[in-house]
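Notes to accompany the following structure.
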Amino acid sequence: LLERHGGIYVDHDAFVLRPLDALRHCGAGFMAGHEVWSTDVQKLNNGVLLARANASFLGLWREAYRAFDASQWDYNSCIAPWKLAQSHPGLALPIREIGPLPVHLSAAKFEEYLRSALVAHVTGLFNAPWRQEEVRKYGVLRTIAERVLAAAAATDGLRGQHGLGRNVSLRHWCAAHVRRSIEQSWRPE
């Protein structure tokens with residue numbers, strides 16, 4: 001679908017913090033999160049993808065899946081596309097600001113990262129105990145939620161179309177509801 005029509009894919013554990021319009025209009029055919037573990041280990045993370053219709057890189061990546069190995073998810077999904085991007089310069093633009101949330105940071109380093117990130121992709125949020133512990137310890141999800149909800153509440157749309165009255169926008173109501181849920185379930189330990 002993305003290859004044929006273009007557009008944006010955002011994984012279930014990624015939270016858009018700022019508009020992606022500048023990326024959509026930058027002229028690159030394909031963009032993905034740049035994941036850096038060290039100078040030797042870099043990946044093209046597939047949690048956030050932006051593409052133009054018929055992006056050449058997506059065709060190459062799809063063809064690379066002919067060698068798919070179900071036991072090597074990270075290789076197929078992140079390492080192989082990085083290698084592919086390196087061997088075809090100019091077809092894929094790795095962008096750190098839409099890549100995954102770094103691991104094992106301090107509260108100050110998480111805050112610094114979130115100030116510059118366009119998207120907070122919290123990889124491992126639903127299946128990695130170390131990530132769950134880390135985001136709870138430093139209140140990362142609370143910070144992300146506050147930023148997303150503040151942006152949603154600042155927009156003025158959908159007023160009075162949901163039975164909540166003329167002075168309450170749906171976004172304000174949803175923001176307040178989600179904020180209460182987060183406060184009840186994601187308190188830092």
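Ordering of the structure tokens sets the chain letters (A, B, ...), residue numbers begin anew at 1 in every chain, and ligands are numbered from 1 in the order given.
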
Can you build me a table of segment 67-173 of chain A residues sitting at most 7 Å from segment 21-41 of chain A, with the closest atom pair per residue and its distance in Å to one decimal, using only C-alpha atoms, sorted by chain and residue number, as CSV?
residue,atom,partner,partner_atom,distance
A:Leu91,CA,A:Gly29,CA,6.5
A:Ala92,CA,A:Phe30,CA,5.0
A:Leu93,CA,A:Met31,CA,4.6
A:Pro94,CA,A:His34,CA,4.7
A:Ile95,CA,A:His34,CA,5.0
A:Arg96,CA,A:His34,CA,4.6
A:Ile98,CA,A:Gly33,CA,4.8
A:Gly99,CA,A:Gly33,CA,3.5
A:Pro100,CA,A:Glu35,CA,6.3

For Glu97 of chain A, please output as a PDB file with N, CA, C and O atoms, in the first residue's frame all residues within 7 Å (counting only C-alpha atoms; exclusion window: fewer than 6 positions along the same chain).
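Resulting contents of result_12.pdb:
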ATOM      1  N   SER A 116      13.739  17.202  20.832  1.00  0.00           N
ATOM      2  CA  SER A 116      14.098  17.302  19.416  1.00  0.00           C
ATOM      3  C   SER A 116      13.367  16.295  18.523  1.00  0.00           C
ATOM      4  O   SER A 116      13.327  16.462  17.309  1.00  0.00           O
ATOM      5  N   ALA A 117      12.792  15.262  19.109  1.00  0.00           N
ATOM      6  CA  ALA A 117      12.149  14.205  18.314  1.00  0.00           C
ATOM      7  C   ALA A 117      10.855  14.694  17.669  1.00  0.00           C
ATOM      8  O   ALA A 117      10.104  15.454  18.267  1.00  0.00           O
ATOM      9  N   LEU A 118      10.622  14.235  16.450  1.00  0.00           N
ATOM     10  CA  LEU A 118       9.345  14.468  15.789  1.00  0.00           C
ATOM     11  C   LEU A 118       8.354  13.389  16.205  1.00  0.00           C
ATOM     12  O   LEU A 118       7.157  13.628  16.313  1.00  0.00           O
ATOM     13  N   VAL A 119       8.887  12.183  16.393  1.00  0.00           N
ATOM     14  CA  VAL A 119       8.085  11.030  16.788  1.00  0.00           C
ATOM     15  C   VAL A 119       8.816  10.318  17.918  1.00  0.00           C
ATOM     16  O   VAL A 119      10.035  10.165  17.870  1.00  0.00           O
TER      17      VAL A 119
END

As a PDB file with N, CA, C and O atoms, in the first residue's frame, which residues of segment 2-180 of chain A does DSSP assign to strand (DSSP E)?
ATOM      1  N   GLY A   7       2.677   7.716   1.374  1.00  0.00           N
ATOM      2  CA  GLY A   7       2.015   8.114   2.611  1.00  0.00           C
ATOM      3  C   GLY A   7       2.912   7.943   3.812  1.00  0.00           C
ATOM      4  O   GLY A   7       4.139   7.951   3.699  1.00  0.00           O
ATOM      5  N   ILE A   8       2.276   7.777   4.948  1.00  0.00           N
ATOM      6  CA  ILE A   8       2.990   7.669   6.220  1.00  0.00           C
ATOM      7  C   ILE A   8       2.498   6.421   6.948  1.00  0.00           C
ATOM      8  O   ILE A   8       1.298   6.185   7.032  1.00  0.00           O
ATOM      9  N   TYR A   9       3.446   5.645   7.470  1.00  0.00           N
ATOM     10  CA  TYR A   9       3.119   4.520   8.342  1.00  0.00           C
ATOM     11  C   TYR A   9       3.700   4.838   9.715  1.00  0.00           C
ATOM     12  O   TYR A   9       4.874   5.195   9.834  1.00  0.00           O
ATOM     13  N   VAL A  10       2.897   4.707  10.763  1.00  0.00           N
ATOM     14  CA  VAL A  10       3.346   4.909  12.140  1.00  0.00           C
ATOM     15  C   VAL A  10       2.957   3.665  12.932  1.00  0.00           C
ATOM     16  O   VAL A  10       1.783   3.315  13.004  1.00  0.00           O
ATOM     17  N   ALA A  14       4.395   4.108  18.438  1.00  0.00           N
ATOM     18  CA  ALA A  14       5.025   5.374  18.074  1.00  0.00           C
ATOM     19  C   ALA A  14       4.016   6.508  18.258  1.00  0.00           C
ATOM     20  O   ALA A  14       2.839   6.357  17.929  1.00  0.00           O
ATOM     21  N   PHE A  15       4.497   7.612  18.798  1.00  0.00           N
ATOM     22  CA  PHE A  15       3.636   8.745  19.123  1.00  0.00           C
ATOM     23  C   PHE A  15       4.164   9.988  18.416  1.00  0.00           C
ATOM     24  O   PHE A  15       5.292  10.418  18.682  1.00  0.00           O
ATOM     25  N   VAL A  16       3.364  10.569  17.541  1.00  0.00           N
ATOM     26  CA  VAL A  16       3.784  11.756  16.803  1.00  0.00           C
ATOM     27  C   VAL A  16       3.738  12.951  17.748  1.00  0.00           C
ATOM     28  O   VAL A  16       2.702  13.256  18.324  1.00  0.00           O
ATOM     29  N   PHE A  30      11.878   8.234   0.135  1.00  0.00           N
ATOM     30  CA  PHE A  30      11.588   7.325   1.249  1.00  0.00           C
ATOM     31  C   PHE A  30      12.382   7.761   2.470  1.00  0.00           C
ATOM     32  O   PHE A  30      13.563   8.091   2.372  1.00  0.00           O
ATOM     33  N   MET A  31      11.732   7.751   3.634  1.00  0.00           N
ATOM     34  CA  MET A  31      12.377   8.095   4.897  1.00  0.00           C
ATOM     35  C   MET A  31      11.960   7.086   5.965  1.00  0.00           C
ATOM     36  O   MET A  31      10.831   6.609   5.955  1.00  0.00           O
ATOM     37  N   ALA A  32      12.897   6.800   6.869  1.00  0.00           N
ATOM     38  CA  ALA A  32      12.617   5.895   7.982  1.00  0.00           C
ATOM     39  C   ALA A  32      13.479   6.305   9.160  1.00  0.00           C
ATOM     40  O   ALA A  32      14.446   7.062   9.013  1.00  0.00           O
ATOM     41  N   GLY A  33      13.148   5.781  10.325  1.00  0.00           N
ATOM     42  CA  GLY A  33      13.900   6.101  11.527  1.00  0.00           C
ATOM     43  C   GLY A  33      15.311   5.556  11.486  1.00  0.00           C
ATOM     44  O   GLY A  33      15.539   4.415  11.086  1.00  0.00           O
ATOM     45  N   HIS A  34      16.258   6.391  11.890  1.00  0.00           N
ATOM     46  CA  HIS A  34      17.654   5.983  11.969  1.00  0.00           C
ATOM     47  C   HIS A  34      17.932   5.538  13.397  1.00  0.00           C
ATOM     48  O   HIS A  34      17.815   6.321  14.330  1.00  0.00           O
ATOM     49  N   GLU A  35      18.291   4.289  13.548  1.00  0.00           N
ATOM     50  CA  GLU A  35      18.560   3.695  14.864  1.00  0.00           C
ATOM     51  C   GLU A  35      20.056   3.451  14.973  1.00  0.00           C
ATOM     52  O   GLU A  35      20.630   2.709  14.183  1.00  0.00           O
ATOM     53  N   VAL A  36      20.697   4.094  15.941  1.00  0.00           N
ATOM     54  CA  VAL A  36      22.148   3.992  16.100  1.00  0.00           C
ATOM     55  C   VAL A  36      22.461   3.361  17.450  1.00  0.00           C
ATOM     56  O   VAL A  36      22.149   3.925  18.494  1.00  0.00           O
ATOM     57  N   GLN A  42      24.064   0.071  13.076  1.00  0.00           N
ATOM     58  CA  GLN A  42      23.047   1.050  12.738  1.00  0.00           C
ATOM     59  C   GLN A  42      21.936   0.327  11.995  1.00  0.00           C
ATOM     60  O   GLN A  42      22.162  -0.682  11.348  1.00  0.00           O
ATOM     61  N   LYS A  43      20.730   0.886  12.108  1.00  0.00           N
ATOM     62  CA  LYS A  43      19.578   0.238  11.503  1.00  0.00           C
ATOM     63  C   LYS A  43      18.670   1.276  10.870  1.00  0.00           C
ATOM     64  O   LYS A  43      18.681   2.440  11.250  1.00  0.00           O
ATOM     65  N   LEU A  44      17.880   0.828   9.930  1.00  0.00           N
ATOM     66  CA  LEU A  44      16.812   1.634   9.356  1.00  0.00           C
ATOM     67  C   LEU A  44      15.531   1.075   9.955  1.00  0.00           C
ATOM     68  O   LEU A  44      15.018   0.050   9.521  1.00  0.00           O
ATOM     69  N   ASN A  45      15.058   1.716  11.009  1.00  0.00           N
ATOM     70  CA  ASN A  45      13.940   1.183  11.769  1.00  0.00           C
ATOM     71  C   ASN A  45      12.634   1.366  11.019  1.00  0.00           C
ATOM     72  O   ASN A  45      12.359   2.429  10.477  1.00  0.00           O
ATOM     73  N   ASN A  46      11.798   0.341  11.017  1.00  0.00           N
ATOM     74  CA  ASN A  46      10.555   0.362  10.244  1.00  0.00           C
ATOM     75  C   ASN A  46       9.333   0.814  11.036  1.00  0.00           C
ATOM     76  O   ASN A  46       8.208   0.641  10.595  1.00  0.00           O
ATOM     77  N   GLY A  47       9.519   1.437  12.185  1.00  0.00           N
ATOM     78  CA  GLY A  47       8.389   1.878  13.003  1.00  0.00           C
ATOM     79  C   GLY A  47       7.710   3.132  12.502  1.00  0.00           C
ATOM     80  O   GLY A  47       6.538   3.366  12.786  1.00  0.00           O
ATOM     81  N   VAL A  48       8.427   3.967  11.777  1.00  0.00           N
ATOM     82  CA  VAL A  48       7.869   5.176  11.174  1.00  0.00           C
ATOM     83  C   VAL A  48       8.450   5.275   9.765  1.00  0.00           C
ATOM     84  O   VAL A  48       9.671   5.344   9.600  1.00  0.00           O
ATOM     85  N   LEU A  49       7.578   5.239   8.784  1.00  0.00           N
ATOM     86  CA  LEU A  49       7.993   5.283   7.383  1.00  0.00           C
ATOM     87  C   LEU A  49       7.219   6.382   6.655  1.00  0.00           C
ATOM     88  O   LEU A  49       6.015   6.508   6.843  1.00  0.00           O
ATOM     89  N   LEU A  50       7.906   7.128   5.821  1.00  0.00           N
ATOM     90  CA  LEU A  50       7.270   8.107   4.948  1.00  0.00           C
ATOM     91  C   LEU A  50       7.748   7.813   3.536  1.00  0.00           C
ATOM     92  O   LEU A  50       8.953   7.589   3.323  1.00  0.00           O
ATOM     93  N   ALA A  51       6.833   7.796   2.585  1.00  0.00           N
ATOM     94  CA  ALA A  51       7.238   7.457   1.219  1.00  0.00           C
ATOM     95  C   ALA A  51       6.372   8.163   0.198  1.00  0.00           C
ATOM     96  O   ALA A  51       5.196   8.437   0.436  1.00  0.00           O
ATOM     97  N   LEU A  93      16.296   7.955   3.115  1.00  0.00           N
ATOM     98  CA  LEU A  93      16.838   8.972   4.007  1.00  0.00           C
ATOM     99  C   LEU A  93      16.579   8.548   5.453  1.00  0.00           C
ATOM    100  O   LEU A  93      15.438   8.562   5.914  1.00  0.00           O
ATOM    101  N   PRO A  94      17.647   8.124   6.185  1.00  0.00           N
ATOM    102  CA  PRO A  94      17.476   7.780   7.592  1.00  0.00           C
ATOM    103  C   PRO A  94      17.372   9.059   8.424  1.00  0.00           C
ATOM    104  O   PRO A  94      18.179   9.974   8.262  1.00  0.00           O
ATOM    105  N   ILE A  95      16.377   9.118   9.320  1.00  0.00           N
ATOM    106  CA  ILE A  95      16.153  10.327  10.120  1.00  0.00           C
ATOM    107  C   ILE A  95      16.075   9.941  11.596  1.00  0.00           C
ATOM    108  O   ILE A  95      15.182   9.212  12.009  1.00  0.00           O
ATOM    109  N   VAL A 119       8.887  12.183  16.393  1.00  0.00           N
ATOM    110  CA  VAL A 119       8.085  11.030  16.788  1.00  0.00           C
ATOM    111  C   VAL A 119       8.816  10.318  17.918  1.00  0.00           C
ATOM    112  O   VAL A 119      10.035  10.165  17.870  1.00  0.00           O
ATOM    113  N   ALA A 120       8.086   9.896  18.927  1.00  0.00           N
ATOM    114  CA  ALA A 120       8.662   9.074  19.992  1.00  0.00           C
ATOM    115  C   ALA A 120       8.218   7.642  19.723  1.00  0.00           C
ATOM    116  O   ALA A 120       7.082   7.280  19.980  1.00  0.00           O
ATOM    117  N   HIS A 121       9.123   6.854  19.143  1.00  0.00           N
ATOM    118  CA  HIS A 121       8.826   5.451  18.860  1.00  0.00           C
ATOM    119  C   HIS A 121       9.384   4.633  20.026  1.00  0.00           C
ATOM    120  O   HIS A 121      10.582   4.422  20.142  1.00  0.00           O
TER     121      HIS A 121
END

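Reported to one decimal place, the separation of atom CA of Gly124 of chain A from atom CA of Gln72 of chain A is 16.2 Å.
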
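Considering only C-alpha atoms, the residue among A:Glu63, A:Glu134, A:Asp69, A:Glu146 positioned nearest to Pro102 of chain A is A:Glu134.
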
- Message: as a PyMOL selection string, please: the residues near Gly59 of chain A (cut-off 12 Å, only C-alpha atoms, same-chain neighbours under 2 positions excluded).
- Response: chain A and resi 1-4+29-30+51-57+61-66+81+84+91-92

- Query: Using only C-alpha atoms, which of the listed residues (A:Val103, A:Glu111, A:Gln86, A:Ile144) sits closest to Ala128 of chain A?
  - Reply: A:Val103

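Distances here use only C-alpha atoms; by that measure, the residue among A:Asp13, A:Ser87, A:Ala80, A:His5 closest to Asn127 of chain A is A:Asp13.
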
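Atom pair atom CA of Arg18 of chain A / atom CA of Val140 of chain A: separated by 16.4 Å.
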
- Task: From the DSSP assignment of the backbone, select every residue of segment 3-179 of chain A that is alpha helix (DSSP H), and format the answer as a ChimeraX atom specification.
- Result: /A:3-5,21-24,56-64,73-74,80-87,107-116,129-138,140-154,170-179

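Pairwise distance (atom CA of Leu101 of chain A, atom CA of Val122 of chain A) equals 5.4 Å.
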